[in-house]
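Coordinates from upload-v1.txt are shown below (compact mmCIF, C-alpha atoms).
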# COMPACT_ATOMS: atom_id res chain seq x y z
CA ILE A 136 7.54 -19.18 17.54
CA LEU A 137 3.75 -19.10 17.82
CA GLY A 138 2.36 -18.24 21.23
CA GLY A 139 5.72 -17.03 22.51
CA GLN A 140 7.40 -20.42 22.05
CA SER A 141 10.82 -20.88 20.47
CA GLY A 142 12.51 -23.65 18.51
CA ASN A 143 11.90 -25.34 15.17
CA ILE A 144 8.56 -25.70 13.40
CA SER A 145 7.48 -27.98 10.56
CA PHE A 146 5.98 -26.72 7.32
CA VAL A 147 2.56 -27.94 8.52
CA SER A 148 2.89 -25.89 11.71
CA TYR A 149 4.07 -22.87 9.72
CA ASP A 150 1.23 -23.16 7.22
CA GLY A 151 -1.34 -23.43 10.00
CA GLY A 152 0.08 -20.40 11.78
CA ARG A 153 0.11 -18.47 8.52
CA GLU A 154 -3.62 -19.08 8.08
CA GLU A 155 -4.26 -17.86 11.63
CA CYS A 156 -2.31 -14.67 10.93
CA LYS A 157 -4.39 -14.03 7.81
CA GLU A 158 -7.65 -13.97 9.78
CA MET A 159 -8.73 -10.39 10.45
CA PRO A 160 -11.88 -9.21 12.21
CA ARG A 161 -14.60 -8.19 9.77
CA GLU A 162 -15.71 -4.58 9.94
CA SER A 163 -19.31 -5.65 10.44
CA ALA A 164 -18.36 -7.64 13.53
CA ILE A 165 -17.10 -4.56 15.35
CA MET A 166 -19.63 -1.99 14.13
CA SER A 167 -22.46 -1.05 16.47
CA ASP A 168 -25.31 -3.58 16.48
CA ASN A 169 -27.82 -1.25 18.16
CA ASN A 170 -28.15 1.38 15.44
CA ALA A 171 -29.24 1.47 11.83
CA ARG A 172 -26.76 4.17 10.83
CA ASN A 173 -23.97 1.69 10.10
CA THR A 174 -21.74 3.50 12.56
CA MET A 175 -19.30 2.64 15.30
CA SER A 176 -19.53 4.23 18.74
CA ALA A 177 -16.60 5.54 20.74
CA VAL A 178 -17.19 2.82 23.36
CA ASP A 179 -17.12 0.07 20.72
CA PHE A 180 -14.00 1.59 19.17
CA LEU A 181 -12.27 1.68 22.56
CA SER A 182 -13.13 -2.01 23.02
CA PHE A 183 -11.67 -2.70 19.56
CA LEU A 184 -8.42 -0.93 20.53
CA HIS A 185 -8.14 -2.70 23.88
CA PHE A 186 -9.01 -6.25 22.85
CA SER A 187 -8.21 -6.49 19.13
CA GLN A 188 -5.32 -4.03 18.83
CA LYS A 189 -3.97 -4.57 22.39
CA GLN A 190 -3.66 -0.79 22.83
CA THR A 191 -4.72 -0.85 26.47
CA ASP A 192 -3.27 2.57 27.30
CA VAL A 193 -5.89 4.47 25.25
CA SER A 194 -8.71 6.23 27.11
CA LEU A 195 -12.29 6.99 26.03
CA GLU A 196 -11.54 10.72 25.93
CA GLU A 197 -8.62 10.07 23.56
CA VAL A 198 -10.95 8.07 21.32
CA ARG A 199 -13.43 10.96 21.27
CA THR A 200 -10.66 13.37 20.29
CA LEU A 201 -9.61 10.97 17.53
CA PHE A 202 -13.24 10.67 16.33
CA SER A 203 -13.54 14.44 16.10
CA SER A 204 -10.41 14.58 13.95
CA LEU A 205 -11.45 11.64 11.75
CA ASN A 206 -14.91 13.09 11.15
CA SER A 207 -13.46 16.48 10.25
CA GLN A 208 -11.13 14.86 7.73
CA ALA A 209 -13.94 12.72 6.27
CA GLU A 210 -16.21 15.75 5.92
CA PHE A 211 -13.45 17.61 4.09
CA VAL A 212 -12.54 14.70 1.78
CA ASP A 213 -15.92 13.32 0.71
CA GLY A 214 -18.62 14.67 3.00
CA SER A 215 -18.98 11.35 4.88
CA GLY A 216 -18.19 12.69 8.35
CA ILE A 217 -20.73 12.84 11.18
CA GLU A 218 -21.50 16.34 12.42
CA SER A 219 -24.17 15.62 15.04
CA VAL A 220 -26.44 12.88 16.31
CA GLY A 221 -29.37 14.25 18.32
CA SER A 222 -28.22 16.25 21.31
CA VAL A 223 -24.95 14.32 21.59
CA GLY A 224 -21.78 15.61 19.94
CA GLY A 225 -21.89 13.00 17.17
CA SER A 226 -18.50 13.93 15.75
CA ARG A 227 -16.98 12.76 19.07
CA GLU A 228 -19.23 9.75 19.65
CA PHE A 229 -19.59 7.98 16.28
CA ILE A 230 -17.76 7.27 13.02
CA THR A 231 -19.11 5.68 9.84
CA ARG A 232 -17.90 2.43 8.31
CA GLU A 233 -16.07 4.43 5.61
CA THR A 234 -14.30 6.56 8.21
CA PHE A 235 -13.31 3.45 10.18
CA ALA A 236 -11.83 1.91 7.02
CA ARG A 237 -9.95 5.16 6.39
CA TYR A 238 -8.62 5.06 9.96
CA LEU A 239 -7.21 1.56 9.43
CA LEU A 240 -5.04 2.90 6.59
CA SER A 241 -4.06 6.15 8.30
CA ASP A 242 -1.00 7.19 10.29
CA ALA A 243 -3.16 7.04 13.42
CA ASN A 244 -3.15 3.24 13.04
CA GLU A 245 0.58 3.06 12.35
CA LEU A 246 2.10 -0.26 13.43
CA PHE A 247 5.46 1.28 14.23
CA ASP A 248 5.75 3.15 17.54
CA PRO A 249 6.40 6.82 16.57
CA GLN A 250 8.43 7.28 19.76
CA LYS A 251 10.81 4.55 18.61
CA GLU A 252 11.17 6.30 15.26
CA GLU A 253 12.17 9.51 17.03
CA GLU A 254 14.73 7.58 19.08
CA MET A 255 16.21 5.85 16.02
CA GLY A 256 16.30 8.65 13.47
CA PHE A 257 19.16 8.14 11.03
CA THR A 258 21.60 6.80 13.62
CA TYR A 259 20.68 3.16 12.92
CA MET A 260 21.32 3.07 9.18
CA ASP A 261 24.50 0.95 9.11
CA SER A 262 22.93 -2.54 9.31
CA PRO A 263 22.38 -4.92 6.35
CA LEU A 264 19.27 -4.12 4.30
CA SER A 265 17.60 -7.38 5.36
CA HIS A 266 17.56 -6.17 8.98
CA TYR A 267 14.90 -3.53 8.28
CA TRP A 268 11.17 -3.58 7.75
CA ILE A 269 10.68 -1.54 4.57
CA ASN A 270 7.34 0.00 3.54
CA THR A 271 6.91 -1.51 0.08
CA SER A 272 4.52 -0.92 -2.81
CA HIS A 273 3.58 -3.62 -5.36
CA ASP A 274 2.63 -2.68 -8.95
CA THR A 275 3.06 0.94 -7.92
CA TYR A 276 2.38 2.19 -11.44
CA LEU A 277 -1.20 0.85 -11.58
CA ALA A 278 -4.38 2.77 -10.74
CA ASN A 279 -7.79 1.13 -10.65
CA THR A 280 -9.86 2.70 -13.42
CA GLY A 281 -12.63 0.12 -13.81
CA THR A 282 -11.77 -0.23 -17.52
CA ASN A 283 -9.30 -2.43 -19.34
CA PRO A 284 -7.37 -1.16 -22.42
CA VAL A 285 -7.03 -4.76 -23.61
CA THR A 286 -10.46 -6.11 -22.61
CA PRO A 287 -12.88 -3.15 -22.49
CA GLY A 288 -15.65 -3.48 -19.94
CA GLU A 289 -13.77 -5.86 -17.66
CA VAL A 290 -14.39 -4.92 -14.01
CA GLY A 291 -11.64 -4.13 -11.53
CA THR A 292 -8.85 -3.48 -14.04
CA PHE A 293 -6.05 -0.95 -14.11
CA GLN A 294 -4.22 1.76 -16.05
CA THR A 295 -0.73 3.15 -15.49
CA ASP A 296 -0.64 6.47 -13.65
CA LEU A 297 2.46 8.48 -12.73
CA GLN A 298 0.68 10.03 -9.77
CA MET A 299 0.58 6.62 -8.09
CA TYR A 300 4.34 6.94 -7.46
CA THR A 301 3.91 10.33 -5.82
CA ALA A 302 1.00 9.01 -3.73
CA ALA A 303 3.00 5.95 -2.64
CA LEU A 304 5.99 8.06 -1.58
CA TYR A 305 3.89 10.49 0.45
CA ARG A 306 2.04 7.51 1.96
CA GLY A 307 5.41 6.36 3.34
CA CYS A 308 6.50 3.71 0.82
CA ARG A 309 10.25 3.54 0.34
CA CYS A 310 10.43 0.60 -2.07
CA LEU A 311 8.72 1.20 -5.42
CA ASP A 312 7.85 -1.39 -8.05
CA LEU A 313 8.78 -0.87 -11.74
CA ASP A 314 8.15 -3.40 -14.53
CA VAL A 315 10.33 -2.02 -17.33
CA TRP A 316 9.90 -2.91 -21.03
CA ASP A 317 11.41 -1.82 -24.34
CA GLY A 318 9.76 1.39 -25.47
CA THR A 319 8.13 1.71 -28.88
CA ASN A 320 8.16 5.52 -28.75
CA GLU A 321 10.23 7.64 -31.15
CA GLU A 322 13.07 8.05 -28.65
CA LYS A 323 13.07 4.29 -27.94
CA GLU A 324 12.91 5.14 -24.25
CA PRO A 325 12.25 2.29 -21.77
CA VAL A 326 8.70 2.31 -20.40
CA VAL A 327 6.97 1.00 -17.29
CA ARG A 328 3.75 -0.92 -17.83
CA TYR A 329 1.87 -4.03 -16.86
CA GLY A 330 3.02 -7.38 -18.29
CA LEU A 331 0.31 -9.13 -20.33
CA SER A 332 0.34 -12.89 -20.82
CA THR A 333 -0.66 -14.10 -24.29
CA SER A 334 -1.14 -17.72 -23.22
CA ASP A 335 -4.92 -17.44 -23.57
CA ALA A 336 -4.64 -18.24 -27.26
CA ALA A 337 -2.43 -21.30 -26.71
CA ASP A 338 -2.96 -24.78 -25.42
CA LYS A 339 -2.52 -24.30 -21.67
CA ASN A 340 -1.05 -27.78 -21.37
CA ASP A 341 1.73 -26.98 -23.83
CA VAL A 342 4.31 -25.22 -21.65
CA LYS A 343 6.75 -25.02 -24.61
CA SER A 344 4.41 -22.95 -26.72
CA PRO A 345 6.04 -19.63 -27.83
CA SER A 346 2.82 -17.82 -26.96
CA LYS A 347 3.43 -18.65 -23.29
CA ARG A 348 5.91 -15.77 -23.23
CA VAL A 349 4.97 -12.70 -21.22
CA VAL A 350 4.97 -9.52 -23.31
CA GLY A 351 4.44 -5.86 -22.56
CA ASP A 352 0.90 -4.53 -22.58
CA SER A 353 0.46 -2.29 -25.59
CA GLY A 354 -1.98 -0.16 -23.60
CA SER A 355 -1.02 2.64 -21.24
CA SER A 356 2.57 3.06 -20.15
CA LEU A 357 4.91 5.48 -18.35
CA LEU A 358 8.37 6.63 -19.39
CA PHE A 359 11.01 5.20 -17.07
CA SER A 360 12.69 8.61 -17.06
CA ASP A 361 9.46 10.31 -15.90
CA ILE A 362 9.31 8.04 -12.86
CA LEU A 363 12.91 8.91 -11.98
CA ARG A 364 12.05 12.61 -12.23
CA CYS A 365 9.04 11.99 -9.97
CA VAL A 366 11.26 10.34 -7.34
CA ASN A 367 13.88 13.11 -7.62
CA SER A 368 11.17 15.74 -7.17
CA PHE A 369 9.96 14.01 -4.01
CA LEU A 370 13.51 13.86 -2.59
CA GLN A 371 13.96 17.57 -3.25
CA SER A 372 10.82 18.35 -1.27
CA GLU A 373 11.59 15.74 1.41
CA PRO A 374 15.40 15.81 1.80
CA ASP A 375 15.26 13.95 5.15
CA SER A 376 13.54 10.94 3.62
CA TYR A 377 14.84 7.44 4.22
CA PRO A 378 16.58 5.94 1.14
CA ILE A 379 14.24 5.01 -1.72
CA ILE A 380 14.65 1.58 -3.34
CA LEU A 381 13.57 0.92 -6.92
CA SER A 382 12.53 -2.71 -7.34
CA ILE A 383 12.98 -3.21 -11.10
CA GLU A 384 11.63 -6.17 -13.08
CA ASN A 385 13.73 -5.71 -16.19
CA HIS A 386 12.43 -6.95 -19.57
CA CYS A 387 14.55 -4.62 -21.73
CA MET A 388 17.11 -5.44 -24.39
CA LEU A 389 20.71 -4.43 -23.68
CA GLN A 390 20.52 -1.12 -25.56
CA GLN A 391 17.54 0.07 -23.54
CA GLN A 392 19.11 -1.18 -20.30
CA GLU A 393 22.01 1.12 -21.09
CA LYS A 394 19.54 3.97 -21.50
CA MET A 395 18.07 3.16 -18.11
CA ALA A 396 21.53 3.31 -16.53
CA SER A 397 22.36 6.62 -18.25
CA HIS A 398 19.52 8.54 -16.57
CA PRO A 399 20.62 10.68 -13.59
Would you mind writing the file out in structure tokens?
Amino acid sequence: ILGGQSGNISFVSYDGGREECKEMPRESAIMSDNNARNTMSAVDFLSFLHFSQKQTDVSLEEVRTLFSSLNSQAEFVDGSGIESVGSVGGSREFITRETFARYLLSDANELFDPQKEEEMGFTYMDSPLSHYWINTSHDTYLANTGTNPVTPGEVGTFQTDLQMYTAALYRGCRCLDLDVWDGTNEEKEPVVRYGLSTSDAADKNDVKSPSKRVVGDSGSSLLFSDILRCVNSFLQSEPDSYPIILSIENHCMLQQQEKMASHP
């Protein structure tokens, strides 16, 4: 299985291979060492594509064209693009660390061969669901705000945000995550929010303690129905989209589950 071999592997072999797969080259290891601008040259980037990404069919001129596009996008988004470096066309010769990180998450670095996608289209949609690789989002409803509604001042925490579903869909995700809880609003509508554990106040060795239960966060939340409207709106604007899967972690009582099922 590893290294092109076939056959059975033990858990130890699997675990070792899993650790190897998790190792990724650090950005700093592939950025230019001979400049203080924290940039990456087109030559270094080409080497990265050939040796790290195994994209050996890419030429230096194609990299320069890509750099020009990436720098234009970066300049438009946050002003971090490179316009010129001395007498050399810098927008074709260098990118910043931030632009390189943006490239790694862009369609230009898509794992799937776009030519294969054109060949497949919707003609290969009759296989079992487990036969497909599906672009999936985890905790789709959360946006990093830097503040915590439960523990103010805690760093790296999150709030619910409906726009995260729209962003995920337009980013290509086709499996969305929803943690659904009983709503406390006037309409008693189910809501999507983060699950908060209350075990901090209990003896952590007492697994039978009632406070070990996971309850809904009383902070920010989204109406389940609003998320469905968001998905429907996306499908209206993108009618040729692949099917969208809602991965629901359901914490609702029966009455609110029936409300969930009644929404169009």
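The shell of residues at most 9 Å from Thr301 (chain A), with only C-alpha atoms counted and near chain neighbours (fewer than 5 positions) removed, consists of Arg306, Cys365, Val366 and Phe369 of chain A.
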- [ ] Might you pull out every residue within 8 Å of Tyr238 (chain A), with all atoms listed in the file counted and same-chain residues fewer than 5 positions away left off, and present them as an NGL selection string?
- [x] :A and (205 or 243-244)
Open item on the list: What's around Phe202 (chain A) at 12 Å? Count all atoms listed in the file, leave out sequence neighbours fewer than 3 positions away in its own chain, and write the answer as a PyMOL selection string.
Closed with: chain A and resi 174-178+180-181+195-199+205-210+216-218+224-231+234-235+237-238+243
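For the residues A:His266, A:Arg328, A:His185, A:His386, ranking by smallest atom-to-atom distance to Asp296 (chain A) using all atoms listed in the file places A:Arg328 first.
Distance-wise, CA of Thr271 (chain A) and CA of Thr319 (chain A) end up 29.2 Å apart.
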Open item on the list: Can you measure CA of Asp314 (chain A) to CA of Tyr377 (chain A) for me? One decimal in Å is fine.
Closed with: 22.7 Å
